[in-house]
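File shown: my_file-v9.cif. Contents: mmCIF, C-alpha atoms.
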```cif
data_entry
loop_
_atom_site.group_PDB
_atom_site.id
_atom_site.type_symbol
_atom_site.label_atom_id
_atom_site.label_comp_id
_atom_site.auth_asym_id
_atom_site.auth_seq_id
_atom_site.Cartn_x
_atom_site.Cartn_y
_atom_site.Cartn_z
ATOM 1 C CA MET A 1 65.556 -44.378 -25.305
ATOM 2 C CA ALA A 2 65.448 -40.653 -25.955
ATOM 3 C CA SER A 3 68.664 -39.088 -27.234
ATOM 4 C CA THR A 4 70.339 -36.284 -25.311
ATOM 5 C CA PRO A 5 69.499 -32.943 -26.969
ATOM 6 C CA VAL A 6 72.426 -31.043 -28.454
ATOM 7 C CA LYS A 7 72.954 -27.613 -26.959
ATOM 8 C CA ASN A 8 72.383 -24.604 -29.137
ATOM 9 C CA THR A 9 75.714 -23.125 -30.215
ATOM 10 C CA MET A 10 74.830 -19.862 -28.492
ATOM 11 C CA ASP A 11 74.610 -21.658 -25.123
ATOM 12 C CA ARG A 12 77.770 -23.754 -25.355
ATOM 13 C CA GLY A 13 80.774 -23.265 -23.124
ATOM 14 C CA SER A 14 81.895 -24.234 -19.639
ATOM 15 C CA ALA A 15 80.612 -22.556 -16.509
ATOM 16 C CA ALA A 16 84.024 -20.898 -16.061
ATOM 17 C CA LEU A 17 83.961 -19.494 -19.611
ATOM 18 C CA LYS A 18 80.473 -18.079 -19.121
ATOM 19 C CA SER A 19 81.350 -16.706 -15.687
ATOM 20 C CA HIS A 20 84.262 -14.659 -17.008
ATOM 21 C CA CYS A 21 83.072 -13.806 -20.529
ATOM 22 C CA ASN A 22 79.388 -12.955 -20.176
ATOM 23 C CA GLY A 23 79.201 -9.170 -20.423
ATOM 24 C CA LEU A 24 82.952 -8.872 -21.101
ATOM 25 C CA ASP A 25 84.061 -6.458 -23.828
ATOM 26 C CA LYS A 26 87.860 -6.794 -23.653
ATOM 27 C CA MET A 27 90.586 -9.193 -22.480
ATOM 28 C CA GLU A 28 94.375 -8.984 -22.443
ATOM 29 C CA ILE A 29 96.511 -12.057 -23.116
ATOM 30 C CA ARG A 30 100.183 -11.983 -22.132
ATOM 31 C CA GLN A 31 102.749 -14.570 -23.112
ATOM 32 C CA THR A 32 105.023 -15.654 -20.286
ATOM 33 C CA ARG A 33 108.537 -14.348 -20.898
ATOM 34 C CA ARG A 34 110.853 -17.075 -22.066
ATOM 35 C CA GLY A 35 114.333 -17.471 -20.608
ATOM 36 C CA TRP A 36 116.939 -16.164 -23.054
ATOM 37 C CA LEU A 37 119.612 -18.480 -21.581
ATOM 38 C CA GLN A 38 117.411 -21.515 -22.191
ATOM 39 C CA GLU A 39 116.895 -20.576 -25.835
ATOM 40 C CA LEU A 40 120.629 -19.931 -26.356
ATOM 41 C CA PHE A 41 121.092 -23.674 -25.838
ATOM 42 C CA GLY A 42 118.416 -24.470 -28.418
ATOM 43 C CA CYS A 43 115.759 -25.507 -25.909
ATOM 44 C CA ASP A 44 112.627 -23.820 -27.191
ATOM 45 C CA ALA A 45 110.353 -23.417 -24.161
ATOM 46 C CA LYS A 46 106.674 -24.284 -24.206
ATOM 47 C CA THR A 47 104.417 -21.337 -24.947
ATOM 48 C CA GLU A 48 102.586 -20.074 -21.865
ATOM 49 C CA PHE A 49 99.925 -17.391 -21.544
ATOM 50 C CA LYS A 50 98.254 -15.443 -18.748
ATOM 51 C CA TYR A 51 94.801 -13.937 -19.204
ATOM 52 C CA PHE A 52 93.707 -10.632 -17.686
ATOM 53 C CA ILE A 53 90.473 -8.715 -17.263
ATOM 54 C CA GLY A 54 91.658 -5.250 -16.390
ATOM 55 C CA SER A 55 94.551 -5.758 -13.973
ATOM 56 C CA ASP A 56 93.199 -9.049 -12.595
ATOM 57 C CA GLN A 57 94.617 -12.329 -13.870
ATOM 58 C CA ILE A 58 91.801 -14.836 -14.339
ATOM 59 C CA ALA A 59 93.381 -17.749 -16.219
ATOM 60 C CA THR A 60 96.563 -19.370 -17.484
ATOM 61 C CA SER A 61 97.550 -21.884 -20.185
ATOM 62 C CA ILE A 62 100.572 -23.834 -21.423
ATOM 63 C CA GLU A 63 100.907 -25.689 -24.712
ATOM 64 C CA ASP A 64 101.014 -29.478 -24.736
ATOM 65 C CA THR A 65 103.595 -30.562 -27.310
ATOM 66 C CA ASP A 66 107.050 -32.144 -27.341
ATOM 67 C CA CYS A 67 110.426 -30.423 -27.594
ATOM 68 C CA PHE A 68 111.303 -32.026 -30.951
ATOM 69 C CA CYS A 69 108.210 -30.557 -32.624
ATOM 70 C CA ARG A 70 108.844 -27.107 -31.163
ATOM 71 C CA MET A 71 112.480 -27.076 -32.294
ATOM 72 C CA CYS A 72 112.070 -28.621 -35.760
ATOM 73 C CA CYS A 73 108.558 -27.610 -36.837
ATOM 74 C CA ASN A 74 108.129 -24.125 -35.407
ATOM 75 C CA PRO A 75 105.856 -22.273 -36.244
ATOM 76 C CA VAL A 76 103.714 -25.005 -37.821
ATOM 77 C CA HIS A 77 104.057 -27.631 -35.096
ATOM 78 C CA PRO A 78 100.912 -29.291 -33.725
ATOM 79 C CA PHE A 79 99.883 -28.520 -30.174
ATOM 80 C CA LYS A 80 97.009 -28.555 -27.729
ATOM 81 C CA MET A 81 96.409 -25.901 -25.105
ATOM 82 C CA VAL A 82 93.829 -25.664 -22.329
ATOM 83 C CA VAL A 83 93.001 -22.249 -20.883
ATOM 84 C CA LYS A 84 92.360 -22.899 -17.186
ATOM 85 C CA GLU A 85 90.840 -20.672 -14.542
ATOM 86 C CA LEU A 86 93.401 -19.429 -12.047
ATOM 87 C CA ASN A 87 93.405 -21.323 -8.717
ATOM 88 C CA THR A 88 90.656 -23.795 -9.750
ATOM 89 C CA ASP A 89 92.011 -25.225 -13.050
ATOM 90 C CA ALA A 90 88.462 -25.121 -14.439
ATOM 91 C CA GLU A 91 88.538 -25.129 -18.249
ATOM 92 C CA LEU A 92 87.563 -22.004 -20.162
ATOM 93 C CA VAL A 93 88.499 -23.127 -23.672
ATOM 94 C CA SER A 94 90.740 -25.749 -25.288
ATOM 95 C CA VAL A 95 92.712 -25.227 -28.504
ATOM 96 C CA ASP A 96 93.742 -28.045 -30.860
ATOM 97 C CA ARG A 97 96.082 -26.983 -33.655
ATOM 98 C CA PRO A 98 97.211 -29.744 -36.108
ATOM 99 C CA LEU A 99 100.432 -29.789 -38.119
ATOM 100 C CA ALA A 100 100.189 -27.401 -41.073
ATOM 101 C CA TRP A 101 102.140 -25.828 -43.905
ATOM 102 C CA PHE A 102 104.049 -22.532 -43.561
ATOM 103 C CA GLN A 103 102.724 -19.053 -44.258
ATOM 104 C CA GLY A 104 103.684 -17.380 -47.532
ATOM 105 C CA PRO A 105 102.917 -14.299 -49.642
ATOM 106 C CA CYS A 106 100.096 -16.254 -51.314
ATOM 107 C CA LYS A 107 98.360 -19.504 -50.466
ATOM 108 C CA CYS A 108 95.873 -21.711 -52.308
ATOM 109 C CA CYS A 109 96.100 -25.030 -50.435
ATOM 110 C CA CYS A 110 97.437 -26.767 -47.283
ATOM 111 C CA HIS A 111 95.595 -24.208 -45.187
ATOM 112 C CA GLN A 112 96.218 -23.837 -41.465
ATOM 113 C CA SER A 113 93.446 -24.385 -38.947
ATOM 114 C CA ALA A 114 92.588 -24.826 -35.276
ATOM 115 C CA SER A 115 89.523 -26.108 -33.452
ATOM 116 C CA PHE A 116 88.115 -24.901 -30.136
ATOM 117 C CA THR A 117 86.129 -26.754 -27.485
ATOM 118 C CA SER A 118 84.722 -25.969 -24.063
ATOM 119 C CA ALA A 119 83.125 -28.423 -21.629
ATOM 120 C CA ASN A 120 83.809 -31.194 -24.193
ATOM 121 C CA GLU A 121 81.664 -29.477 -26.816
ATOM 122 C CA SER A 122 82.766 -27.826 -30.038
ATOM 123 C CA ILE A 123 82.393 -24.048 -29.905
ATOM 124 C CA GLY A 124 84.040 -23.330 -33.252
ATOM 125 C CA LYS A 125 87.113 -23.434 -35.455
ATOM 126 C CA ILE A 126 89.252 -21.165 -37.635
ATOM 127 C CA GLU A 127 90.481 -21.980 -41.132
ATOM 128 C CA GLU A 128 92.909 -20.181 -43.395
ATOM 129 C CA GLN A 129 91.444 -19.180 -46.776
ATOM 130 C CA PHE A 130 92.887 -18.629 -50.231
ATOM 131 C CA TYR A 131 94.703 -15.282 -50.284
ATOM 132 C CA CYS A 132 97.234 -13.136 -52.097
ATOM 133 C CA CYS A 133 99.448 -10.834 -49.992
ATOM 134 C CA VAL A 134 97.059 -10.474 -47.028
ATOM 135 C CA PRO A 135 96.344 -13.650 -44.969
ATOM 136 C CA ARG A 136 92.606 -14.223 -44.550
ATOM 137 C CA PHE A 137 90.688 -16.529 -42.233
ATOM 138 C CA LEU A 138 87.138 -17.749 -41.762
ATOM 139 C CA ILE A 139 85.841 -18.522 -38.277
ATOM 140 C CA TYR A 140 83.026 -21.047 -37.781
ATOM 141 C CA ASP A 141 80.704 -21.696 -34.846
ATOM 142 C CA GLY A 142 80.209 -25.032 -33.127
ATOM 143 C CA GLU A 143 77.763 -26.177 -35.820
ATOM 144 C CA ASN A 144 80.268 -25.457 -38.598
ATOM 145 C CA LYS A 145 78.423 -22.352 -39.794
ATOM 146 C CA PRO A 146 80.509 -19.314 -40.867
ATOM 147 C CA MET A 147 80.552 -16.774 -38.038
ATOM 148 C CA TYR A 148 83.340 -14.231 -38.634
ATOM 149 C CA LYS A 149 85.879 -13.203 -41.242
ATOM 150 C CA LEU A 150 89.325 -12.186 -39.963
ATOM 151 C CA HIS A 151 92.262 -10.393 -41.569
ATOM 152 C CA ASN A 152 94.665 -7.474 -41.129
ATOM 153 C CA PRO A 153 93.432 -3.994 -42.080
ATOM 154 C CA THR A 154 94.196 -3.414 -45.751
ATOM 155 C CA CYS A 155 94.842 -0.735 -48.352
ATOM 156 C CA PHE A 156 95.199 -0.588 -52.160
ATOM 157 C CA GLY A 157 92.024 -2.569 -52.717
ATOM 158 C CA GLY A 158 92.911 -5.282 -50.233
ATOM 159 C CA MET A 159 96.288 -6.119 -51.787
ATOM 160 C CA CYS A 160 98.475 -4.770 -48.943
ATOM 161 C CA VAL A 161 98.407 -4.710 -45.150
ATOM 162 C CA ASN A 162 97.723 -1.160 -43.965
ATOM 163 C CA CYS A 163 100.650 -0.472 -41.593
ATOM 164 C CA CYS A 164 99.132 2.886 -40.594
ATOM 165 C CA ALA A 165 95.722 1.531 -39.617
ATOM 166 C CA GLU A 166 96.395 1.689 -35.868
ATOM 167 C CA GLY A 167 98.203 5.023 -35.997
ATOM 168 C CA ASN A 168 101.451 6.451 -37.340
ATOM 169 C CA PRO A 169 104.024 3.590 -37.425
ATOM 170 C CA CYS A 170 106.609 5.985 -35.973
ATOM 171 C CA GLY A 171 104.311 7.119 -33.170
ATOM 172 C CA LYS A 172 101.378 5.576 -31.294
ATOM 173 C CA GLY A 173 100.991 2.839 -33.882
ATOM 174 C CA CYS A 174 104.565 1.589 -33.549
ATOM 175 C CA CYS A 175 104.837 -2.242 -33.463
ATOM 176 C CA LYS A 176 101.060 -2.774 -33.355
ATOM 177 C CA VAL A 177 99.670 -5.591 -35.484
ATOM 178 C CA SER A 178 95.898 -5.905 -35.675
ATOM 179 C CA PHE A 179 93.483 -8.499 -37.015
ATOM 180 C CA ARG A 180 89.976 -7.187 -37.539
ATOM 181 C CA VAL A 181 86.841 -9.269 -36.993
ATOM 182 C CA TYR A 182 84.021 -8.930 -39.520
ATOM 183 C CA ASP A 183 80.617 -10.560 -39.835
ATOM 184 C CA ALA A 184 80.815 -13.653 -42.055
ATOM 185 C CA ASP A 185 78.071 -12.255 -44.316
ATOM 186 C CA GLN A 186 79.802 -8.901 -44.823
ATOM 187 C CA GLN A 187 80.847 -8.657 -48.468
ATOM 188 C CA HIS A 188 83.263 -5.712 -48.317
ATOM 189 C CA THR A 189 85.890 -6.008 -45.559
ATOM 190 C CA ASP A 190 88.849 -4.114 -47.035
ATOM 191 C CA GLY A 191 89.969 -0.517 -46.505
ATOM 192 C CA ASP A 192 87.757 1.434 -44.093
ATOM 193 C CA ALA A 193 84.988 -1.176 -43.955
ATOM 194 C CA PRO A 194 83.226 -1.362 -40.553
ATOM 195 C CA TYR A 195 84.314 -4.199 -38.280
ATOM 196 C CA LEU A 196 82.972 -5.869 -35.130
ATOM 197 C CA GLY A 197 86.070 -6.485 -33.045
ATOM 198 C CA VAL A 198 89.873 -6.547 -33.032
ATOM 199 C CA ILE A 199 92.670 -8.855 -31.955
ATOM 200 C CA MET A 200 95.625 -6.528 -31.405
ATOM 201 C CA LYS A 201 99.227 -7.562 -30.868
ATOM 202 C CA LYS A 202 100.559 -4.855 -28.581
ATOM 203 C CA PRO A 203 104.025 -3.229 -28.577
ATOM 204 C CA LYS A 204 106.591 -4.536 -26.104
ATOM 205 C CA SER A 205 109.294 -2.910 -24.049
ATOM 206 C CA LEU A 206 112.870 -2.755 -25.368
ATOM 207 C CA ALA A 207 114.068 -5.293 -22.789
ATOM 208 C CA VAL A 208 111.376 -7.768 -23.803
ATOM 209 C CA GLU A 209 112.167 -7.252 -27.498
ATOM 210 C CA LEU A 210 115.888 -7.918 -26.960
ATOM 211 C CA PHE A 211 115.855 -10.874 -24.588
ATOM 212 C CA THR A 212 112.570 -12.760 -25.136
ATOM 213 C CA ASP A 213 109.902 -13.379 -27.736
ATOM 214 C CA ALA A 214 106.998 -12.881 -25.316
ATOM 215 C CA ASP A 215 103.956 -11.319 -26.976
ATOM 216 C CA ALA A 216 100.889 -9.534 -25.657
ATOM 217 C CA PHE A 217 97.431 -9.363 -27.247
ATOM 218 C CA GLU A 218 94.358 -7.280 -26.543
ATOM 219 C CA VAL A 219 91.092 -8.835 -27.687
ATOM 220 C CA THR A 220 88.151 -6.478 -28.199
ATOM 221 C CA PHE A 221 85.053 -8.638 -28.600
ATOM 222 C CA PRO A 222 82.091 -7.942 -30.906
ATOM 223 C CA PRO A 223 79.313 -6.204 -28.925
ATOM 224 C CA GLU A 224 76.757 -9.024 -29.294
ATOM 225 C CA ALA A 225 79.189 -11.940 -28.935
ATOM 226 C CA THR A 226 78.181 -14.827 -26.667
ATOM 227 C CA ALA A 227 80.542 -16.456 -24.173
ATOM 228 C CA ALA A 228 81.175 -19.280 -26.672
ATOM 229 C CA GLN A 229 82.000 -16.806 -29.453
ATOM 230 C CA LYS A 230 84.379 -14.974 -27.143
ATOM 231 C CA GLY A 231 86.002 -18.299 -26.297
ATOM 232 C CA VAL A 232 86.603 -18.869 -30.015
ATOM 233 C CA LEU A 233 88.276 -15.455 -30.325
ATOM 234 C CA ILE A 234 90.467 -16.157 -27.283
ATOM 235 C CA GLY A 235 91.566 -19.386 -28.961
ATOM 236 C CA THR A 236 92.058 -17.518 -32.226
ATOM 237 C CA SER A 237 94.562 -15.208 -30.507
ATOM 238 C CA ILE A 238 96.637 -18.238 -29.490
ATOM 239 C CA PHE A 239 96.430 -19.571 -33.058
ATOM 240 C CA LEU A 240 97.556 -16.238 -34.552
ATOM 241 C CA ASN A 241 100.492 -16.066 -32.156
ATOM 242 C CA ALA A 242 101.609 -19.544 -33.225
ATOM 243 C CA ILE A 243 101.589 -18.912 -36.961
ATOM 244 C CA PHE A 244 102.786 -15.290 -37.126
ATOM 245 C CA PHE A 245 104.894 -14.499 -34.067
ATOM 246 C CA GLU A 246 106.688 -17.653 -32.948
ATOM 247 C CA GLU A 247 109.219 -18.472 -35.678
ATOM 248 C CA LYS A 248 111.505 -15.462 -35.427
ATOM 249 C CA GLY A 249 110.523 -13.913 -32.163
ATOM 250 C CA ASP A 250 108.756 -10.769 -33.335
ATOM 251 C CA ASP A 251 109.999 -9.972 -36.809
ATOM 252 C CA ASP A 252 106.444 -9.941 -38.173
ATOM 253 C CA ASP A 253 107.862 -10.827 -41.582
ATOM 254 C CA ASP A 254 104.727 -12.556 -42.783
ATOM 255 C CA LEU A 255 102.452 -9.548 -42.286
#
```

Show me, as structure tokens, the structure contained in the file I just sent.
Amino acid sequence: MASTPVKNTMDRGSAALKSHCNGLDKMEIRQTRRGWLQELFGCDAKTEFKYFIGSDQIATSIEDTDCFCRMCCNPVHPFKMVVKELNTDAELVSVDRPLAWFQGPCKCCCHQSASFTSANESIGKIEEQFYCCVPRFLIYDGENKPMYKLHNPTCFGGMCVNCCAEGNPCGKGCCKVSFRVYDADQQHTDGDAPYLGVIMKKPKSLAVELFTDADAFEVTFPPEATAAQKGVLIGTSIFLNAIFFEEKGDDDDDL
């Protein structure tokens, strides 16, 4: 009996993922605002996201994990999340994040990771790498081949996060946190090195800052990215939110 051929990584992904992501250059991801009264009583709500292309919402997702893990193991708790097309519940991408160790100023082991699937096929994963001062990640495709490097913009030879990279911190760059996407084969990625795409955590209004820890991300995809590669970067945004922006609302202490 002939075996079923394995799809090329470039062609992987559900019909819904391909429908929305083919030809797409940018997507906005907004976290549903959590109830401040609920969190006053220690009930950490499940993380929810809405996904927008322009002003049109196209998908939604909610994490699948239990209350004990969210309260006691945040922001390293394990969870699964399925991004579903609005109105049809068709899957775009699924995220599986296992239990991991906390972020720190340097890290040489116990690295954090997440894997991404679509239509029951692997489309990639992200793994934390050894780093000092600036967290660094390597993104793989569905065949476990390095695809992208990811880290904050840097200065001083890659030893510090460049807080001015997205503009003056007291002006248009206020409260922006960016993660730049580089080709996996690119040797020099620090300073003003060219990059392919950006995952940007956007500033929030004063009311949102005070009463919720809802975050918003803008994902600018690499120009030649396939639908599967874009699905991996959508999942990566969820992963970054979990490890950097969940523990203390939006203090951004680890960056």

- Task: Would you list the contacts of Gln57 in chain A as a list in words, taking every protein, DNA or RNA residue within 9 Å and counting all atoms listed in the file, but skipping same-chain residues closer than 6 positions in sequence?
- Result: Lys50, Tyr51 and Leu86 of chain A

- Task: Starting from the displayed file, determine the output of the PyMOL selection byres ((chain A and resi 112-127) around 9) and express the residue list as number ranges by chain.
- Result: A: 7, 9-10, 12-15, 17, 76, 91-103, 110-111, 128-129, 136-145, 147, 228-229, 231-232, 235-236, 239, 243

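Comparing A:Pro105, A:Glu246, A:Ala16, A:Thr88 by their smallest distance to Thr47 in chain A, the closest is A:Glu246 (using all atoms listed in the file).
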
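Shortest atom-to-atom contact with Ser237 in chain A among A:Ala225, A:Ala193, A:Val181, A:Val134: A:Val181, counting all atoms listed in the file.
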
Box for range 17-23 of chain A - axis-aligned, 4 Å on each of the six sides, all listed atoms - centre and size in Å to one decimal, as lines of an AutoDock Vina configuration file.
```
center_x = 81.7
center_y = -14.3
center_z = -18.1
size_x = 13.1
size_y = 18.3
size_z = 12.8
```

- Nearest to Asp11 in chain A among A:Val161, A:Val83, A:Ala227, A:Leu24, with distances taken over all atoms listed in the file: which residue is it? A:Ala227

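The space separating CA of His151 in chain A from CA of Ala242 in chain A comes to 15.5 Å.
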
- List the residues sitting within 6 Å of (101.3, -13.5, -26.1) in the file's frame, using all atoms listed in the file, as an MDAnalysis selection string. chainID A and resid 29:31 214:217

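Between CA of Phe79 in chain A and CA of Ile199 in chain A lies a distance of 21.0 Å.
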
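Between CA of Lys230 in chain A and CA of Cys21 in chain A there is a distance of 6.8 Å.
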
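The shortest atom-to-atom distance to Cys175 in chain A, with only C-alpha atoms taken into account, belongs to A:Cys163 out of A:Glu85, A:Phe49, A:Gly23, A:Cys163.
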
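Nearest to Met27 in chain A of all the residues A:Leu240, A:Cys164, A:Cys133, A:Ala59 is A:Ala59, based on only C-alpha atoms.
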
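Nearest residue to Ser19 in chain A among A:Cys132, A:Val177, A:Met200, A:Ala90 is A:Ala90, counting only C-alpha atoms.
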